[in-house]
$ cat target.csv   # CSV, C-alpha atoms
chain,number,residue,atom,x,y,z
A,720,MET,CA,0.0,0.0,0.0
A,721,ARG,CA,1.2,3.5,-0.8
A,722,LEU,CA,2.3,5.4,2.3
A,723,ASN,CA,0.0,8.4,1.8
A,724,LYS,CA,-3.0,6.0,1.3
A,725,TYR,CA,-2.0,4.2,4.5
A,726,LEU,CA,-2.0,7.5,6.4
A,727,SER,CA,-5.3,8.6,5.0
A,728,HIS,CA,-6.9,5.2,5.8
A,729,SER,CA,-5.6,5.6,9.3
A,730,GLY,CA,-7.6,8.8,9.7
A,731,VAL,CA,-4.5,11.1,9.9
A,732,ASP,CA,-5.9,13.6,7.4
A,733,SER,CA,-6.9,13.9,3.7
A,734,ARG,CA,-4.4,12.4,1.3
A,735,ARG,CA,-3.1,15.8,0.2
A,736,LYS,CA,-2.4,16.8,3.8
A,737,CYS,CA,-0.7,13.4,4.4
A,738,ASP,CA,1.5,14.2,1.4
A,739,GLU,CA,2.6,17.4,3.1
A,740,LEU,CA,3.4,15.5,6.3
A,741,ILE,CA,5.6,13.1,4.4
A,742,PHE,CA,7.4,15.9,2.4
A,743,ALA,CA,8.0,17.6,5.8
A,744,GLY,CA,9.9,14.5,7.1
A,745,ARG,CA,7.3,13.9,9.9
A,746,VAL,CA,6.6,10.3,8.9
A,747,GLN,CA,8.7,7.3,9.8
A,748,VAL,CA,8.3,3.7,8.7
A,749,ASN,CA,10.1,1.1,10.8
A,750,GLY,CA,12.3,4.0,12.3
A,751,GLU,CA,13.2,5.4,8.9
A,752,THR,CA,12.0,8.9,7.8
A,753,MET,CA,10.2,8.8,4.5
A,754,THR,CA,9.8,11.7,2.1
A,755,SER,CA,8.0,10.1,-0.8
A,756,PRO,CA,4.2,9.7,-0.6
A,757,GLY,CA,4.3,6.8,-3.1
A,758,THR,CA,6.6,4.6,-0.9
A,759,GLN,CA,5.1,1.1,-0.8
A,760,ILE,CA,4.8,-0.4,2.6
A,761,ASP,CA,3.5,-3.7,4.1
A,762,GLU,CA,0.4,-2.5,5.9
A,763,GLU,CA,0.3,-5.6,8.1
A,764,LYS,CA,4.0,-5.5,9.3
A,765,ALA,CA,5.2,-1.9,9.0
A,766,GLU,CA,5.3,0.3,12.1
A,767,VAL,CA,4.3,3.8,10.9
A,768,ARG,CA,4.6,6.9,13.1
A,769,VAL,CA,3.6,10.5,12.6
A,770,ASP,CA,5.5,12.9,14.8
A,771,GLY,CA,6.6,9.9,16.9
A,772,GLU,CA,3.0,8.6,17.4
A,773,ILE,CA,2.1,5.2,16.0
A,774,VAL,CA,-0.8,5.2,13.5
A,775,ARG,CA,-2.8,2.2,12.5
A,776,LEU,CA,-5.3,1.4,9.7
A,777,ARG,CA,-8.9,1.9,10.7
A,778,SER,CA,-11.9,-0.2,9.6
A,779,ASN,CA,-14.5,2.1,11.1
A,780,PHE,CA,-14.8,5.8,10.4
A,781,THR,CA,-16.8,8.7,11.7
A,782,TYR,CA,-18.9,10.9,9.5
A,783,ILE,CA,-20.4,14.1,10.8
A,784,LYS,CA,-22.3,17.0,9.3
A,785,MET,CA,-22.7,20.5,10.8
A,786,ASN,CA,-24.6,23.6,9.9
A,787,LYS,CA,-21.7,26.0,10.1
A,788,PRO,CA,-22.4,29.4,11.7
A,789,GLN,CA,-20.8,32.7,10.8
A,790,GLY,CA,-17.6,33.7,12.6
A,791,TYR,CA,-15.8,30.4,12.6
A,792,ILE,CA,-12.7,29.5,10.5
A,793,THR,CA,-12.7,26.2,8.8
A,794,SER,CA,-9.5,24.8,10.2
A,795,ARG,CA,-8.3,22.4,12.9
A,796,LYS,CA,-6.4,25.3,14.5
A,797,ASP,CA,-5.4,28.8,13.5
A,798,PRO,CA,-3.0,31.0,15.5
A,799,TYR,CA,-4.6,34.1,14.0
A,800,HIS,CA,-8.2,33.4,14.9
A,801,SER,CA,-9.7,32.4,18.2
A,802,GLN,CA,-12.7,30.5,16.9
A,803,THR,CA,-12.4,27.5,14.5
A,804,VAL,CA,-15.2,25.0,13.6
A,805,MET,CA,-13.4,22.4,15.8
A,806,ASP,CA,-14.5,24.4,18.8
A,807,LEU,CA,-18.0,23.3,18.0
A,808,LEU,CA,-17.2,19.6,18.3
A,809,PRO,CA,-16.3,17.5,21.3
A,810,GLY,CA,-12.6,17.2,21.6
A,811,VAL,CA,-12.8,13.4,21.7
A,812,LEU,CA,-13.8,13.3,18.0
A,813,ASP,CA,-10.6,12.9,15.9
A,814,VAL,CA,-12.1,14.2,12.6
A,815,VAL,CA,-11.1,16.9,10.1
A,816,PRO,CA,-13.2,19.2,7.9
A,817,VAL,CA,-13.9,18.2,4.4
A,818,GLY,CA,-13.0,21.3,2.3
A,819,ARG,CA,-13.5,24.8,3.5
A,820,LEU,CA,-16.2,27.5,4.0
A,821,ASP,CA,-15.2,31.1,4.5
A,822,LYS,CA,-15.5,32.6,8.0
A,823,ASP,CA,-18.7,34.5,7.1
A,824,THR,CA,-20.3,31.6,5.0
A,825,THR,CA,-22.9,29.3,6.6
A,826,GLY,CA,-24.3,25.9,5.7
A,827,ILE,CA,-23.3,22.3,5.5
A,828,LEU,CA,-19.7,21.3,6.5
A,829,ILE,CA,-18.7,17.7,6.7
A,830,PHE,CA,-16.1,16.2,9.0
A,831,THR,CA,-14.6,12.7,8.9
A,832,ASP,CA,-11.5,10.7,9.7
A,833,ASP,CA,-11.9,8.8,6.4
A,834,GLY,CA,-9.0,10.3,4.5
A,835,ASP,CA,-9.7,8.6,1.2
A,836,LEU,CA,-13.3,10.0,1.1
A,837,ASN,CA,-12.0,13.4,2.1
A,838,PHE,CA,-9.6,13.4,-0.8
A,839,ARG,CA,-12.1,12.4,-3.4
A,840,LEU,CA,-14.7,14.9,-2.2
A,841,THR,CA,-12.3,17.8,-2.3
A,842,HIS,CA,-10.2,17.1,-5.4
A,843,PRO,CA,-11.4,19.2,-8.4
A,844,LYS,CA,-11.2,16.2,-10.8
A,845,HIS,CA,-14.1,14.5,-9.2
A,846,GLY,CA,-16.4,17.5,-9.7
A,847,VAL,CA,-18.5,17.1,-6.6
A,848,GLU,CA,-21.6,19.2,-6.7
A,849,LYS,CA,-22.1,22.1,-4.2
A,850,GLU,CA,-25.3,24.1,-4.0
A,851,TYR,CA,-25.4,27.7,-2.5
A,852,GLU,CA,-27.8,30.5,-1.8
A,853,ALA,CA,-26.5,34.0,-2.2
A,854,LEU,CA,-28.0,37.3,-1.2
A,855,LEU,CA,-26.6,40.3,-3.2
A,856,ARG,CA,-26.2,44.0,-2.7
A,857,GLN,CA,-27.7,44.6,-6.2
A,858,ALA,CA,-28.7,42.7,-9.3
A,859,PRO,CA,-25.8,41.4,-11.4
A,860,GLY,CA,-25.1,43.0,-14.7
A,861,GLY,CA,-25.0,41.0,-17.9
A,862,SER,CA,-26.4,37.6,-18.5
A,863,LEU,CA,-25.2,35.5,-15.6
A,864,GLU,CA,-27.9,32.9,-16.0
A,865,LYS,CA,-27.1,32.3,-19.6
A,866,GLU,CA,-23.3,32.6,-19.5
A,867,LEU,CA,-22.4,30.6,-16.4
A,868,PRO,CA,-23.5,27.2,-17.8
A,869,ALA,CA,-21.2,27.7,-20.8
A,870,GLY,CA,-18.3,29.0,-18.7
A,871,ILE,CA,-17.0,32.4,-17.8
A,872,ARG,CA,-13.4,33.6,-17.5
A,873,LEU,CA,-12.8,35.5,-14.2
A,874,GLU,CA,-10.6,38.6,-14.5
A,875,ASP,CA,-8.8,38.2,-11.1
A,876,ASN,CA,-6.7,35.2,-12.1
A,877,GLY,CA,-8.2,33.9,-15.4
A,878,ASP,CA,-10.1,30.9,-13.9
A,879,LEU,CA,-12.7,29.4,-16.1
A,880,VAL,CA,-15.8,28.6,-14.0
A,881,LYS,CA,-19.0,26.8,-15.0
A,882,GLY,CA,-22.2,26.1,-13.2
A,883,ILE,CA,-25.9,26.9,-12.8
A,884,ALA,CA,-27.3,30.3,-11.7
A,885,GLU,CA,-31.0,30.7,-10.9
A,886,ALA,CA,-32.5,34.0,-9.7
A,887,LEU,CA,-35.0,33.3,-6.9
A,888,ASN,CA,-36.6,36.7,-6.8
A,889,ALA,CA,-37.8,39.3,-9.4
A,890,LYS,CA,-35.1,41.8,-8.3
A,891,ARG,CA,-32.3,39.2,-9.0
A,892,THR,CA,-30.7,39.7,-5.6
A,893,HIS,CA,-31.4,36.2,-4.4
A,894,TYR,CA,-29.7,33.4,-6.3
A,895,ARG,CA,-29.3,29.6,-6.2
A,896,ILE,CA,-25.8,28.6,-7.5
A,897,VAL,CA,-24.6,25.1,-8.3
A,898,LEU,CA,-20.9,24.5,-8.9
A,899,ARG,CA,-18.6,21.5,-9.3
A,900,GLU,CA,-15.0,22.9,-9.6
A,901,GLY,CA,-14.5,23.9,-5.9
A,902,LYS,CA,-12.2,26.9,-6.6
A,903,LYS,CA,-11.4,29.3,-3.8
A,904,ARG,CA,-14.2,31.8,-3.0
A,905,GLU,CA,-15.7,30.9,-6.3
A,906,VAL,CA,-19.3,32.1,-5.7
A,907,LYS,CA,-18.2,35.6,-4.5
A,908,ARG,CA,-15.8,35.9,-7.4
A,909,ILE,CA,-18.5,35.1,-9.9
A,910,PHE,CA,-20.8,37.8,-8.7
A,911,ARG,CA,-17.9,40.3,-8.5
A,912,HIS,CA,-17.4,39.5,-12.2
A,913,TYR,CA,-20.9,40.7,-12.8
A,914,GLY,CA,-20.5,43.9,-10.8
A,915,THR,CA,-22.2,43.0,-7.5
A,916,ARG,CA,-21.2,41.6,-4.1
A,917,VAL,CA,-22.5,38.8,-1.9
A,918,TYR,CA,-23.5,39.9,1.6
A,919,ARG,CA,-24.8,36.5,2.7
A,920,LEU,CA,-23.7,33.1,1.5
A,921,HIS,CA,-25.2,29.7,2.6
A,922,ARG,CA,-24.2,26.3,1.3
A,923,ASN,CA,-27.5,24.3,1.1
A,924,ALA,CA,-26.0,21.0,-0.1
A,925,PHE,CA,-22.6,19.2,-0.5
A,926,ALA,CA,-22.5,16.0,-2.6
A,927,GLY,CA,-26.3,15.8,-2.3
A,928,VAL,CA,-26.3,16.1,1.5
A,929,SER,CA,-27.8,19.0,3.5
A,930,ALA,CA,-27.6,20.2,7.1
A,931,ASN,CA,-30.5,22.7,6.9
A,932,GLU,CA,-32.5,20.8,9.4
A,933,LEU,CA,-29.8,21.7,12.0
A,934,LYS,CA,-29.6,25.0,13.9
A,935,PRO,CA,-26.5,27.0,13.2
A,936,GLY,CA,-23.5,25.6,15.1
A,937,LYS,CA,-25.2,22.2,15.7
A,938,TRP,CA,-23.9,18.9,14.4
A,939,LYS,CA,-24.9,15.2,14.2
A,940,LYS,CA,-23.5,11.9,12.9
A,941,MET,CA,-24.6,11.2,9.4
A,942,THR,CA,-27.1,8.5,8.6
A,943,PRO,CA,-26.1,5.4,6.7
A,944,GLU,CA,-28.0,6.7,3.7
A,945,GLU,CA,-26.1,10.0,3.7
A,946,ILE,CA,-22.8,8.2,4.0
A,947,ARG,CA,-23.8,6.0,1.0
A,948,GLN,CA,-24.7,9.2,-0.9
A,949,LEU,CA,-21.2,10.6,-0.2
A,950,LYS,CA,-19.4,7.5,-1.2
A,951,LYS,CA,-21.5,7.1,-4.3
A,952,THR,CA,-20.7,10.7,-5.3
A,953,ALA,CA,-17.0,10.1,-4.6
A,954,GLY,CA,-16.9,6.8,-6.6
A,955,LEU,CA,-16.3,4.7,-3.6
A,956,ASP,CA,-19.5,2.7,-3.5

$ encode --input "target.csv" --output "structure tokens"
Amino acid sequence: MRLNKYLSHSGVDSRRKCDELIFAGRVQVNGETMTSPGTQIDEEKAEVRVDGEIVRLRSNFTYIKMNKPQGYITSRKDPYHSQTVMDLLPGVLDVVPVGRLDKDTTGILIFTDDGDLNFRLTHPKHGVEKEYEALLRQAPGGSLEKELPAGIRLEDNGDLVKGIAEALNAKRTHYRIVLREGKKREVKRIFRHYGTRVYRLHRNAFAGVSANELKPGKWKKMTPEEIRQLKKTAGLD
């Protein structure tokens, strides 16, 4: 088994984060520091340590969803911000956030210790669908609804973004947006491209799963059906 896959299946973090740990020289196999994520190991015999702590493969994983409130950073810890989403979970849960939501963005946030699922849900090549609701300062100029499905080129860095835009009111200040690419601050950048700004952003669904039944800041373990939905979307069913 590849070393980065072993770490992600041990619940250390997503596979990309595990790659970073390996490159940083923080992973040892049988006492030897490894620096290549693709190193093949014998998962039944190898002693694998991260920062000196032994890690082992897991057969059971935890899957949690939260209705993220405003004011919390999506990070395990951040020296520059006092509140992270991990503060809203019991400390005994050894899970990590799947992807990110901005500090002022609300809505569904998933947590797990299943590193392989985390990787597949967040990697752009898998095109996992996210649905948002956006409230705007003013109506967007141009033809957002017609142009976004075909793709628009954002001026800030040249990203090509595609999706669905549906106005939910006559003033065109309330929108439903569906995206698959997962680029940084994508929704806000799309509306800036059309001359307006988002003042409230809520993620209604991620990979077909919602947390709108939960009050802001509340969380619960996902149902077997929701877990199956995630794995199906990620191609792991």

$ atom_distance --input "target.csv" --atom1 "CA of Arg891 (chain A)" --atom2 "CA of Gly877 (chain A)"
25.5 Å

$ closest_residue --input "target.csv" --among "A:Asp732, A:Glu762, A:Glu944, A:Glu848" --to "Gly927 (chain A)" --atoms "all atoms listed in the file"
A:Glu848

$ residues_around --input "target.csv" --residues "region 824-827 of chain A" --least-positions-apart "4" --cutoff "8 Å" --atoms "all atoms listed in the file" --output "ChimeraX atom specification"
/A:784-789,820,919-925,928-931,935

$ residues_around --input "target.csv" --residues "Gly846 (chain A)" --least-positions-apart "5" --cutoff "12 Å" --atoms "all atoms listed in the file" --output "list in words"
Phe838, Arg839, Leu840, Thr841, Val880, Lys881, Gly882, Val897, Leu898, Arg899, Glu900, Gly901, Lys902, Phe925, Ala926, Thr952, Ala953 and Gly954 of chain A

$ closest_residue --input "target.csv" --among "A:Tyr791, A:Phe742, A:Tyr799, A:Tyr913" --to "Asp823 (chain A)" --atoms "all atoms listed in the file"
A:Tyr791

$ atom_distance --input "target.csv" --atom1 "CA of Val917 (chain A)" --atom2 "CA of Asp821 (chain A)"
12.4 Å

$ atom_distance --input "target.csv" --atom1 "CA of Thr793 (chain A)" --atom2 "CA of Leu873 (chain A)"
24.8 Å

$ residues_around --input "target.csv" --residues "Thr781 (chain A)" --least-positions-apart "5" --cutoff "10 Å" --atoms "all atoms listed in the file" --output "list in words"
Gly730, Leu812, Asp813, Val814, Phe830, Thr831, Asp832, Asp833, Lys940, Met941 and Ile946 of chain A

$ write_last_selection --input "target.csv" --atoms "C-alpha atoms" --output "PDB file, in the coordinates of the input"
ATOM      1  CA  GLY A 730      -7.600   8.800   9.700  1.00  0.00           C
ATOM      2  CA  LEU A 812     -13.800  13.300  18.000  1.00  0.00           C
ATOM      3  CA  ASP A 813     -10.600  12.900  15.900  1.00  0.00           C
ATOM      4  CA  VAL A 814     -12.100  14.200  12.600  1.00  0.00           C
ATOM      5  CA  PHE A 830     -16.100  16.200   9.000  1.00  0.00           C
ATOM      6  CA  THR A 831     -14.600  12.700   8.900  1.00  0.00           C
ATOM      7  CA  ASP A 832     -11.500  10.700   9.700  1.00  0.00           C
ATOM      8  CA  ASP A 833     -11.900   8.800   6.400  1.00  0.00           C
ATOM      9  CA  LYS A 940     -23.500  11.900  12.900  1.00  0.00           C
ATOM     10  CA  MET A 941     -24.600  11.200   9.400  1.00  0.00           C
ATOM     11  CA  ILE A 946     -22.800   8.200   4.000  1.00  0.00           C
TER      12      ILE A 946
END

$ closest_residue --input "target.csv" --among "A:Ile896, A:Gln948, A:Lys736, A:Lys849" --to "Glu864 (chain A)" --atoms "all atoms listed in the file"
A:Ile896

$ closest_residue --input "target.csv" --among "A:Thr803, A:Ser729, A:Asn876, A:Ser755" --to "Asn779 (chain A)" --atoms "only C-alpha atoms"
A:Ser729

$ residues_near_point --input "target.csv" --point "(-17.6, 36.5, -4.0)" --cutoff "10 Å" --atoms "only C-alpha atoms" --output "mmCIF file with C-alpha atoms, keeping the file's coordinate frame"
data_model
loop_
_atom_site.group_PDB
_atom_site.id
_atom_site.type_symbol
_atom_site.label_atom_id
_atom_site.label_comp_id
_atom_site.auth_asym_id
_atom_site.auth_seq_id
_atom_site.Cartn_x
_atom_site.Cartn_y
_atom_site.Cartn_z
ATOM 1 C CA ALA A 853 -26.500 34.000 -2.200
ATOM 2 C CA LEU A 855 -26.600 40.300 -3.200
ATOM 3 C CA LYS A 903 -11.400 29.300 -3.800
ATOM 4 C CA ARG A 904 -14.200 31.800 -3.000
ATOM 5 C CA GLU A 905 -15.700 30.900 -6.300
ATOM 6 C CA VAL A 906 -19.300 32.100 -5.700
ATOM 7 C CA LYS A 907 -18.200 35.600 -4.500
ATOM 8 C CA ARG A 908 -15.800 35.900 -7.400
ATOM 9 C CA ILE A 909 -18.500 35.100 -9.900
ATOM 10 C CA PHE A 910 -20.800 37.800 -8.700
ATOM 11 C CA ARG A 911 -17.900 40.300 -8.500
ATOM 12 C CA HIS A 912 -17.400 39.500 -12.200
ATOM 13 C CA THR A 915 -22.200 43.000 -7.500
ATOM 14 C CA ARG A 916 -21.200 41.600 -4.100
ATOM 15 C CA VAL A 917 -22.500 38.800 -1.900
ATOM 16 C CA TYR A 918 -23.500 39.900 1.600
ATOM 17 C CA ARG A 919 -24.800 36.500 2.700
ATOM 18 C CA LEU A 920 -23.700 33.100 1.500
#

$ closest_residue --input "target.csv" --among "A:Leu887, A:Leu836, A:Ile792, A:Val817" --to "Glu852 (chain A)" --atoms "all atoms listed in the file"
A:Leu887

$ residues_near_point --input "target.csv" --point "(-3.6, 7.8, 1.2)" --cutoff "10 Å" --atoms "only C-alpha atoms" --output "list in words"
Met720, Arg721, Leu722, Asn723, Lys724, Tyr725, Leu726, Ser727, His728, Ser729, Gly730, Val731, Asp732, Ser733, Arg734, Arg735, Lys736, Cys737, Asp738, Pro756, Gly757, Asp833, Gly834, Asp835, Leu836 and Phe838 of chain A

$ decode --input "target.csv" --residues "region 724-757 of chain A" --atoms "N, CA and C atoms" --output "PDB file, in the first residue's frame"
ATOM      1  N   LYS A 724      -1.687   6.683   1.192  1.00  0.00           N
ATOM      2  CA  LYS A 724      -2.975   6.008   1.325  1.00  0.00           C
ATOM      3  C   LYS A 724      -3.107   5.373   2.705  1.00  0.00           C
ATOM      4  N   TYR A 725      -2.012   4.774   3.195  1.00  0.00           N
ATOM      5  CA  TYR A 725      -2.020   4.185   4.536  1.00  0.00           C
ATOM      6  C   TYR A 725      -2.375   5.250   5.582  1.00  0.00           C
ATOM      7  N   LEU A 726      -1.745   6.411   5.472  1.00  0.00           N
ATOM      8  CA  LEU A 726      -2.004   7.474   6.446  1.00  0.00           C
ATOM      9  C   LEU A 726      -3.444   7.959   6.375  1.00  0.00           C
ATOM     10  N   SER A 727      -3.957   8.150   5.163  1.00  0.00           N
ATOM     11  CA  SER A 727      -5.336   8.630   5.042  1.00  0.00           C
ATOM     12  C   SER A 727      -6.325   7.591   5.545  1.00  0.00           C
ATOM     13  N   HIS A 728      -6.025   6.295   5.315  1.00  0.00           N
ATOM     14  CA  HIS A 728      -6.897   5.230   5.802  1.00  0.00           C
ATOM     15  C   HIS A 728      -6.742   5.031   7.302  1.00  0.00           C
ATOM     16  N   SER A 729      -5.731   5.621   7.874  1.00  0.00           N
ATOM     17  CA  SER A 729      -5.556   5.579   9.328  1.00  0.00           C
ATOM     18  C   SER A 729      -6.238   6.764  10.006  1.00  0.00           C
ATOM     19  N   GLY A 730      -6.847   7.629   9.196  1.00  0.00           N
ATOM     20  CA  GLY A 730      -7.557   8.779   9.748  1.00  0.00           C
ATOM     21  C   GLY A 730      -6.670   9.950  10.094  1.00  0.00           C
ATOM     22  N   VAL A 731      -5.427   9.968   9.583  1.00  0.00           N
ATOM     23  CA  VAL A 731      -4.512  11.065   9.908  1.00  0.00           C
ATOM     24  C   VAL A 731      -5.022  12.377   9.328  1.00  0.00           C
ATOM     25  N   ASP A 732      -5.379  12.363   8.048  1.00  0.00           N
ATOM     26  CA  ASP A 732      -5.904  13.563   7.380  1.00  0.00           C
ATOM     27  C   ASP A 732      -6.245  13.174   5.941  1.00  0.00           C
ATOM     28  N   SER A 733      -6.626  14.169   5.139  1.00  0.00           N
ATOM     29  CA  SER A 733      -6.858  13.893   3.728  1.00  0.00           C
ATOM     30  C   SER A 733      -5.534  13.473   3.079  1.00  0.00           C
ATOM     31  N   ARG A 734      -5.627  12.870   1.912  1.00  0.00           N
ATOM     32  CA  ARG A 734      -4.402  12.372   1.282  1.00  0.00           C
ATOM     33  C   ARG A 734      -3.446  13.506   0.930  1.00  0.00           C
ATOM     34  N   ARG A 735      -3.986  14.642   0.512  1.00  0.00           N
ATOM     35  CA  ARG A 735      -3.115  15.783   0.195  1.00  0.00           C
ATOM     36  C   ARG A 735      -2.375  16.275   1.434  1.00  0.00           C
ATOM     37  N   LYS A 736      -3.080  16.329   2.557  1.00  0.00           N
ATOM     38  CA  LYS A 736      -2.430  16.751   3.803  1.00  0.00           C
ATOM     39  C   LYS A 736      -1.391  15.727   4.250  1.00  0.00           C
ATOM     40  N   CYS A 737      -1.686  14.450   4.024  1.00  0.00           N
ATOM     41  CA  CYS A 737      -0.713  13.404   4.365  1.00  0.00           C
ATOM     42  C   CYS A 737       0.536  13.532   3.508  1.00  0.00           C
ATOM     43  N   ASP A 738       0.357  13.897   2.233  1.00  0.00           N
ATOM     44  CA  ASP A 738       1.520  14.152   1.376  1.00  0.00           C
ATOM     45  C   ASP A 738       2.411  15.224   1.987  1.00  0.00           C
ATOM     46  N   GLU A 739       1.791  16.293   2.494  1.00  0.00           N
ATOM     47  CA  GLU A 739       2.556  17.394   3.088  1.00  0.00           C
ATOM     48  C   GLU A 739       3.326  16.926   4.319  1.00  0.00           C
ATOM     49  N   LEU A 740       2.691  16.070   5.131  1.00  0.00           N
ATOM     50  CA  LEU A 740       3.383  15.535   6.315  1.00  0.00           C
ATOM     51  C   LEU A 740       4.610  14.722   5.907  1.00  0.00           C
ATOM     52  N   ILE A 741       4.454  13.931   4.850  1.00  0.00           N
ATOM     53  CA  ILE A 741       5.572  13.100   4.382  1.00  0.00           C
ATOM     54  C   ILE A 741       6.691  13.974   3.839  1.00  0.00           C
ATOM     55  N   PHE A 742       6.340  14.958   2.997  1.00  0.00           N
ATOM     56  CA  PHE A 742       7.362  15.853   2.439  1.00  0.00           C
ATOM     57  C   PHE A 742       8.110  16.604   3.545  1.00  0.00           C
ATOM     58  N   ALA A 743       7.419  16.877   4.652  1.00  0.00           N
ATOM     59  CA  ALA A 743       8.030  17.612   5.758  1.00  0.00           C
ATOM     60  C   ALA A 743       8.912  16.732   6.642  1.00  0.00           C
ATOM     61  N   GLY A 744       8.997  15.440   6.317  1.00  0.00           N
ATOM     62  CA  GLY A 744       9.850  14.549   7.101  1.00  0.00           C
ATOM     63  C   GLY A 744       9.277  14.166   8.448  1.00  0.00           C
ATOM     64  N   ARG A 745       7.943  14.206   8.579  1.00  0.00           N
ATOM     65  CA  ARG A 745       7.298  13.936   9.872  1.00  0.00           C
ATOM     66  C   ARG A 745       6.791  12.502   9.986  1.00  0.00           C
ATOM     67  N   VAL A 746       7.062  11.692   8.954  1.00  0.00           N
ATOM     68  CA  VAL A 746       6.553  10.315   8.939  1.00  0.00           C
ATOM     69  C   VAL A 746       7.721   9.339   8.910  1.00  0.00           C
ATOM     70  N   GLN A 747       7.662   8.348   9.796  1.00  0.00           N
ATOM     71  CA  GLN A 747       8.693   7.313   9.846  1.00  0.00           C
ATOM     72  C   GLN A 747       8.055   5.944   9.643  1.00  0.00           C
ATOM     73  N   VAL A 748       8.732   5.091   8.902  1.00  0.00           N
ATOM     74  CA  VAL A 748       8.310   3.701   8.718  1.00  0.00           C
ATOM     75  C   VAL A 748       9.440   2.808   9.207  1.00  0.00           C
ATOM     76  N   ASN A 749       9.140   2.021  10.222  1.00  0.00           N
ATOM     77  CA  ASN A 749      10.145   1.139  10.845  1.00  0.00           C
ATOM     78  C   ASN A 749      11.393   1.927  11.238  1.00  0.00           C
ATOM     79  N   GLY A 750      11.164   3.134  11.770  1.00  0.00           N
ATOM     80  CA  GLY A 750      12.253   3.960  12.271  1.00  0.00           C
ATOM     81  C   GLY A 750      12.953   4.805  11.239  1.00  0.00           C
ATOM     82  N   GLU A 751      12.590   4.672   9.969  1.00  0.00           N
ATOM     83  CA  GLU A 751      13.244   5.430   8.891  1.00  0.00           C
ATOM     84  C   GLU A 751      12.316   6.529   8.384  1.00  0.00           C
ATOM     85  N   THR A 752      12.824   7.739   8.299  1.00  0.00           N
ATOM     86  CA  THR A 752      12.029   8.862   7.806  1.00  0.00           C
ATOM     87  C   THR A 752      11.799   8.725   6.308  1.00  0.00           C
ATOM     88  N   MET A 753      10.548   8.866   5.906  1.00  0.00           N
ATOM     89  CA  MET A 753      10.169   8.753   4.503  1.00  0.00           C
ATOM     90  C   MET A 753       9.799  10.138   3.955  1.00  0.00           C
ATOM     91  N   THR A 754      10.158  10.390   2.709  1.00  0.00           N
ATOM     92  CA  THR A 754       9.849  11.689   2.102  1.00  0.00           C
ATOM     93  C   THR A 754       9.098  11.544   0.783  1.00  0.00           C
ATOM     94  N   SER A 755       8.705  10.322   0.433  1.00  0.00           N
ATOM     95  CA  SER A 755       7.962  10.091  -0.808  1.00  0.00           C
ATOM     96  C   SER A 755       6.590   9.508  -0.483  1.00  0.00           C
ATOM     97  N   PRO A 756       5.504  10.210  -0.857  1.00  0.00           N
ATOM     98  CA  PRO A 756       4.155   9.700  -0.583  1.00  0.00           C
ATOM     99  C   PRO A 756       3.870   8.361  -1.252  1.00  0.00           C
ATOM    100  N   GLY A 757       4.567   8.068  -2.357  1.00  0.00           N
ATOM    101  CA  GLY A 757       4.310   6.841  -3.090  1.00  0.00           C
ATOM    102  C   GLY A 757       5.064   5.628  -2.584  1.00  0.00           C
TER     103      GLY A 757
END
